[in-house]
Amino acid sequence: MGTGPEQPAAAFPAAADPRLPALASRPGMAECYKTLPLYVLPQHLCSRLMYLATRARFRPWKDWQIRWFVARYGVDMGAAQATDAAAYPHFNAFFTRALRPGARLVAGDSDAVCSPVDGTAYHAGEIVAGRLFQAKGRDYSLSELLACDSEWVPRFMAGRYTTLYLAPRDYHRVHMPIAGRLKRAIYVPGRLFAVNPRTTRVVPRLYARNERLVSLFETEAGPMAIVMVGALFVGNLEAVFPIPPAGPGLRVMDYERPGTAPVWLEKGAEMGRFNMGSTVVLLFGPEAVCWAPRLLAHGSVRVGEPIGTWSAGATG
């Protein structure tokens, strides 16, 4: 069991504490104008067309897609289980590629919180008055993000969170930060705004407006939520466990219902994947985790690396 030291909110780095100035500046008029087309773009239609294009099996087309993408974004194919573009049946199989054994090592310390993704840590801090920091001048509510009933939202009040962005070049599978038992999964329909530094500064409540999959776990550190946020061209989120089907309304799956198989996932185990890239918001209860000093805004992280420690002393 972990014994992570208590860390008051004021001890967080300035760029990572939602109550202190962030690295990102307020959006300028040029950024706002560039973002305006996203409001009128048929986001779900575009994502559906991308879904079809990235699953085409015509060899010259999919091989060109993969080779162009690798060159354009500098993808590290040395870490992939299959390094040859021809080995993938379509582009999406490449995009959600598995890594070779040993490419990512899971921190062995029992109280370590591991990064669930390869990506960039936009922010890490405390949930203040039920709100999470998005960018300078922007925040959003915990209850809207989780879109769930009063049973879970209070457990994360004054809790701690980190926002992890996956760039196109990154590995796009999501893994468990610590071991836990899945209690509930919620599919939340919504928009599919692009998720990038500009849109986080411009679009209000971005993470709480986009389509997302909320997975709620019980762990030795108390409640844990892994929120996979969809984005433009990312309207298809997957998990290793049965999840509520996408649809026009809120869909909830309770894994404690009679006849439902229990889901227990170990630390470092795969739990889901993005078809194209986006963002993960990771939440814990109050004082349950102490983020590592290296988890600064815009710092890079990799699956399995320690990003903090957890404590069973104060759980939600």
# chains A, B, ... in the order shown; residues from 1 in each chain; ligands from 1

$ closest_atom_pairs --of "segment 180-272 of chain A" --to "segment 91-111 of chain A" --cutoff "10 Å" --atoms "only C-alpha atoms" --output "JSON lines"
{"residue": "A:Glu220", "atom": "CA", "partner": "A:Asp111", "partner_atom": "CA", "distance": 9.7}
{"residue": "A:Ala221", "atom": "CA", "partner": "A:Asp111", "partner_atom": "CA", "distance": 9.1}
{"residue": "A:Lys267", "atom": "CA", "partner": "A:Val106", "partner_atom": "CA", "distance": 7.8}
{"residue": "A:Gly268", "atom": "CA", "partner": "A:Val106", "partner_atom": "CA", "distance": 6.0}
{"residue": "A:Ala269", "atom": "CA", "partner": "A:Val106", "partner_atom": "CA", "distance": 9.4}

$ residues_around --residues "Leu265 of chain A" --least-positions-apart "6" --cutoff "12 Å" --atoms "only C-alpha atoms" --output "ChimeraX atom specification"
/A:175-183,217-219,239-241,271-272

$ select_by_dssp --residues "segment 108-241 of chain A" --states "alpha helix (DSSP H)" --output "MDAnalysis selection string"
chainID A and resid 142:146 153:156 197:202 206:209

$ write_last_selection --atoms "N, CA and C atoms" --output "CSV table (one decimal), in the first residue's frame"
chain,number,residue,atom,x,y,z
A,142,LEU,N,-16.7,19.9,-12.8
A,142,LEU,CA,-16.5,18.4,-12.6
A,142,LEU,C,-17.8,17.7,-12.9
A,143,SER,N,-18.9,18.2,-12.5
A,143,SER,CA,-20.2,17.4,-12.7
A,143,SER,C,-20.5,17.3,-14.2
A,144,GLU,N,-20.2,18.4,-14.9
A,144,GLU,CA,-20.4,18.3,-16.4
A,144,GLU,C,-19.5,17.3,-17.0
A,145,LEU,N,-18.2,17.3,-16.6
A,145,LEU,CA,-17.2,16.4,-17.2
A,145,LEU,C,-17.7,15.0,-17.0
A,146,LEU,N,-18.0,14.6,-15.8
A,146,LEU,CA,-18.4,13.2,-15.5
A,146,LEU,C,-19.8,12.8,-15.9
A,153,VAL,N,-19.7,12.3,-8.1
A,153,VAL,CA,-19.2,13.7,-8.2
A,153,VAL,C,-18.6,14.2,-6.8
A,154,PRO,N,-19.3,14.0,-5.7
A,154,PRO,CA,-18.8,14.5,-4.4
A,154,PRO,C,-17.5,13.8,-4.0
A,155,ARG,N,-17.2,12.6,-4.5
A,155,ARG,CA,-16.0,11.9,-4.2
A,155,ARG,C,-14.8,12.5,-4.8
A,156,PHE,N,-15.0,13.2,-5.9
A,156,PHE,CA,-13.8,13.9,-6.5
A,156,PHE,C,-13.7,15.4,-6.2
A,197,PRO,N,-3.6,23.0,-28.4
A,197,PRO,CA,-3.4,24.2,-27.6
A,197,PRO,C,-4.3,25.4,-27.9
A,198,ARG,N,-4.6,25.6,-29.2
A,198,ARG,CA,-5.4,26.8,-29.6
A,198,ARG,C,-6.8,26.6,-29.2
A,199,THR,N,-7.4,25.4,-29.4
A,199,THR,CA,-8.8,25.3,-29.1
A,199,THR,C,-9.0,25.2,-27.6
A,200,THR,N,-8.1,24.8,-26.8
A,200,THR,CA,-8.2,24.8,-25.3
A,200,THR,C,-8.3,26.2,-24.8
A,201,ARG,N,-7.6,27.2,-25.5
A,201,ARG,CA,-7.7,28.6,-25.1
A,201,ARG,C,-8.9,29.3,-25.6
A,202,VAL,N,-9.5,28.8,-26.7
A,202,VAL,CA,-10.6,29.5,-27.4
A,202,VAL,C,-12.0,28.9,-27.0
A,206,LEU,N,-14.3,23.0,-23.2
A,206,LEU,CA,-14.0,22.1,-24.3
A,206,LEU,C,-14.1,20.6,-23.9
A,207,TYR,N,-13.4,20.2,-22.8
A,207,TYR,CA,-13.4,18.8,-22.4
A,207,TYR,C,-14.8,18.3,-22.0
A,208,ALA,N,-15.6,19.2,-21.5
A,208,ALA,CA,-16.9,18.8,-21.0
A,208,ALA,C,-18.0,18.9,-22.1
A,209,ARG,N,-17.6,19.4,-23.3
A,209,ARG,CA,-18.5,19.5,-24.4
A,209,ARG,C,-18.3,18.4,-25.4

$ atom_distance --atom1 "atom CA of Glu270 of chain A" --atom2 "atom CA of Phe69 of chain A"
24.2 Å

$ atom_distance --atom1 "atom CA of Asp76 of chain A" --atom2 "atom CA of Pro168 of chain A"
11.5 Å

$ atom_distance --atom1 "atom CA of Thr162 of chain A" --atom2 "atom CA of Arg131 of chain A"
12.8 Å

$ residues_around --residues "Arg184 of chain A" --least-positions-apart "2" --cutoff "7 Å" --atoms "only C-alpha atoms" --output "number ranges by chain"
A: 182, 186, 215-216, 253-255

$ residues_around --residues "Leu237 of chain A" --least-positions-apart "2" --cutoff "12 Å" --atoms "only C-alpha atoms" --output "ChimeraX atom specification"
/A:47,51,96,172-174,186-189,211-215,227-231,233-235,239-246,271-280

$ residues_around --residues "Val301 of chain A" --least-positions-apart "3" --cutoff "10 Å" --atoms "only C-alpha atoms" --output "VMD selection string"
chain A and resid 114 to 121 164 to 166 294 to 295 298 304 to 307

$ decode --residues "segment 89-170 of chain A" --atoms "C-alpha atoms" --output "PDB file, in the first residue's frame"
ATOM      1  CA  PRO A  89      -3.999  -4.025 -42.829  1.00  0.00           C
ATOM      2  CA  HIS A  90      -5.109  -0.364 -42.774  1.00  0.00           C
ATOM      3  CA  PHE A  91      -4.079   3.014 -41.395  1.00  0.00           C
ATOM      4  CA  ASN A  92      -6.047   2.728 -38.167  1.00  0.00           C
ATOM      5  CA  ALA A  93      -4.301  -0.532 -37.296  1.00  0.00           C
ATOM      6  CA  PHE A  94      -1.029   1.384 -37.571  1.00  0.00           C
ATOM      7  CA  PHE A  95      -2.376   4.339 -35.585  1.00  0.00           C
ATOM      8  CA  THR A  96      -3.465   2.084 -32.698  1.00  0.00           C
ATOM      9  CA  ARG A  97      -0.336  -0.066 -33.046  1.00  0.00           C
ATOM     10  CA  ALA A  98       0.975  -2.215 -30.227  1.00  0.00           C
ATOM     11  CA  LEU A  99       4.460  -1.610 -28.863  1.00  0.00           C
ATOM     12  CA  ARG A 100       7.176  -4.231 -28.796  1.00  0.00           C
ATOM     13  CA  PRO A 101       7.732  -5.984 -25.436  1.00  0.00           C
ATOM     14  CA  GLY A 102       9.920  -3.877 -23.171  1.00  0.00           C
ATOM     15  CA  ALA A 103       9.299  -0.619 -25.054  1.00  0.00           C
ATOM     16  CA  ARG A 104       7.488   0.760 -22.005  1.00  0.00           C
ATOM     17  CA  LEU A 105       8.283  -0.301 -18.443  1.00  0.00           C
ATOM     18  CA  VAL A 106       5.770   0.079 -15.630  1.00  0.00           C
ATOM     19  CA  ALA A 107       7.128   1.706 -12.456  1.00  0.00           C
ATOM     20  CA  GLY A 108       7.603  -1.037  -9.888  1.00  0.00           C
ATOM     21  CA  ASP A 109       7.062   0.985  -6.704  1.00  0.00           C
ATOM     22  CA  SER A 110       3.800  -0.115  -5.100  1.00  0.00           C
ATOM     23  CA  ASP A 111       2.682   3.474  -4.469  1.00  0.00           C
ATOM     24  CA  ALA A 112       3.594   4.804  -7.923  1.00  0.00           C
ATOM     25  CA  VAL A 113       0.951   6.393 -10.129  1.00  0.00           C
ATOM     26  CA  CYS A 114       1.985   5.609 -13.700  1.00  0.00           C
ATOM     27  CA  SER A 115       1.300   7.680 -16.771  1.00  0.00           C
ATOM     28  CA  PRO A 116      -1.627   6.112 -18.645  1.00  0.00           C
ATOM     29  CA  VAL A 117      -0.472   7.469 -22.019  1.00  0.00           C
ATOM     30  CA  ASP A 118       2.373   8.763 -24.115  1.00  0.00           C
ATOM     31  CA  GLY A 119       1.725  12.457 -24.452  1.00  0.00           C
ATOM     32  CA  THR A 120       2.045  15.914 -22.957  1.00  0.00           C
ATOM     33  CA  ALA A 121       0.918  16.906 -19.468  1.00  0.00           C
ATOM     34  CA  TYR A 122      -1.027  20.114 -20.039  1.00  0.00           C
ATOM     35  CA  HIS A 123      -1.910  20.647 -16.391  1.00  0.00           C
ATOM     36  CA  ALA A 124      -1.870  18.933 -13.003  1.00  0.00           C
ATOM     37  CA  GLY A 125      -3.557  20.368  -9.958  1.00  0.00           C
ATOM     38  CA  GLU A 126      -6.487  20.414  -7.601  1.00  0.00           C
ATOM     39  CA  ILE A 127     -10.196  20.535  -8.361  1.00  0.00           C
ATOM     40  CA  VAL A 128     -11.177  23.879  -6.857  1.00  0.00           C
ATOM     41  CA  ALA A 129     -14.832  24.577  -5.973  1.00  0.00           C
ATOM     42  CA  GLY A 130     -15.860  21.747  -8.296  1.00  0.00           C
ATOM     43  CA  ARG A 131     -14.052  23.180 -11.313  1.00  0.00           C
ATOM     44  CA  LEU A 132     -11.052  22.058 -13.378  1.00  0.00           C
ATOM     45  CA  PHE A 133      -8.594  24.324 -15.150  1.00  0.00           C
ATOM     46  CA  GLN A 134      -8.559  24.232 -18.965  1.00  0.00           C
ATOM     47  CA  ALA A 135      -6.442  27.223 -19.995  1.00  0.00           C
ATOM     48  CA  LYS A 136      -5.908  30.762 -18.797  1.00  0.00           C
ATOM     49  CA  GLY A 137      -9.374  32.287 -18.443  1.00  0.00           C
ATOM     50  CA  ARG A 138     -11.078  28.918 -19.110  1.00  0.00           C
ATOM     51  CA  ASP A 139     -12.353  26.236 -16.754  1.00  0.00           C
ATOM     52  CA  TYR A 140     -15.187  23.698 -16.648  1.00  0.00           C
ATOM     53  CA  SER A 141     -17.206  21.853 -14.029  1.00  0.00           C
ATOM     54  CA  LEU A 142     -16.505  18.446 -12.570  1.00  0.00           C
ATOM     55  CA  SER A 143     -20.170  17.442 -12.677  1.00  0.00           C
ATOM     56  CA  GLU A 144     -20.440  18.308 -16.367  1.00  0.00           C
ATOM     57  CA  LEU A 145     -17.238  16.414 -17.208  1.00  0.00           C
ATOM     58  CA  LEU A 146     -18.360  13.217 -15.452  1.00  0.00           C
ATOM     59  CA  ALA A 147     -22.020  13.545 -16.468  1.00  0.00           C
ATOM     60  CA  CYS A 148     -22.968  11.196 -13.660  1.00  0.00           C
ATOM     61  CA  ASP A 149     -25.196  11.187 -10.594  1.00  0.00           C
ATOM     62  CA  SER A 150     -24.502  12.504  -7.108  1.00  0.00           C
ATOM     63  CA  GLU A 151     -22.856   9.245  -6.009  1.00  0.00           C
ATOM     64  CA  TRP A 152     -19.529   9.927  -7.756  1.00  0.00           C
ATOM     65  CA  VAL A 153     -19.157  13.687  -8.193  1.00  0.00           C
ATOM     66  CA  PRO A 154     -18.787  14.452  -4.444  1.00  0.00           C
ATOM     67  CA  ARG A 155     -16.013  11.863  -4.167  1.00  0.00           C
ATOM     68  CA  PHE A 156     -13.815  13.891  -6.507  1.00  0.00           C
ATOM     69  CA  MET A 157     -14.581  17.312  -5.018  1.00  0.00           C
ATOM     70  CA  ALA A 158     -11.292  18.950  -3.939  1.00  0.00           C
ATOM     71  CA  GLY A 159      -9.559  16.015  -5.592  1.00  0.00           C
ATOM     72  CA  ARG A 160      -6.570  16.104  -7.913  1.00  0.00           C
ATOM     73  CA  TYR A 161      -6.353  15.733 -11.655  1.00  0.00           C
ATOM     74  CA  THR A 162      -4.057  15.892 -14.627  1.00  0.00           C
ATOM     75  CA  THR A 163      -4.833  16.569 -18.287  1.00  0.00           C
ATOM     76  CA  LEU A 164      -2.750  14.567 -20.776  1.00  0.00           C
ATOM     77  CA  TYR A 165      -2.782  15.403 -24.485  1.00  0.00           C
ATOM     78  CA  LEU A 166      -1.915  12.829 -27.163  1.00  0.00           C
ATOM     79  CA  ALA A 167      -0.313  14.283 -30.277  1.00  0.00           C
ATOM     80  CA  PRO A 168      -0.599  12.506 -33.657  1.00  0.00           C
ATOM     81  CA  ARG A 169       2.889  10.980 -33.329  1.00  0.00           C
ATOM     82  CA  ASP A 170       2.146   9.401 -29.939  1.00  0.00           C
TER      83      ASP A 170
END
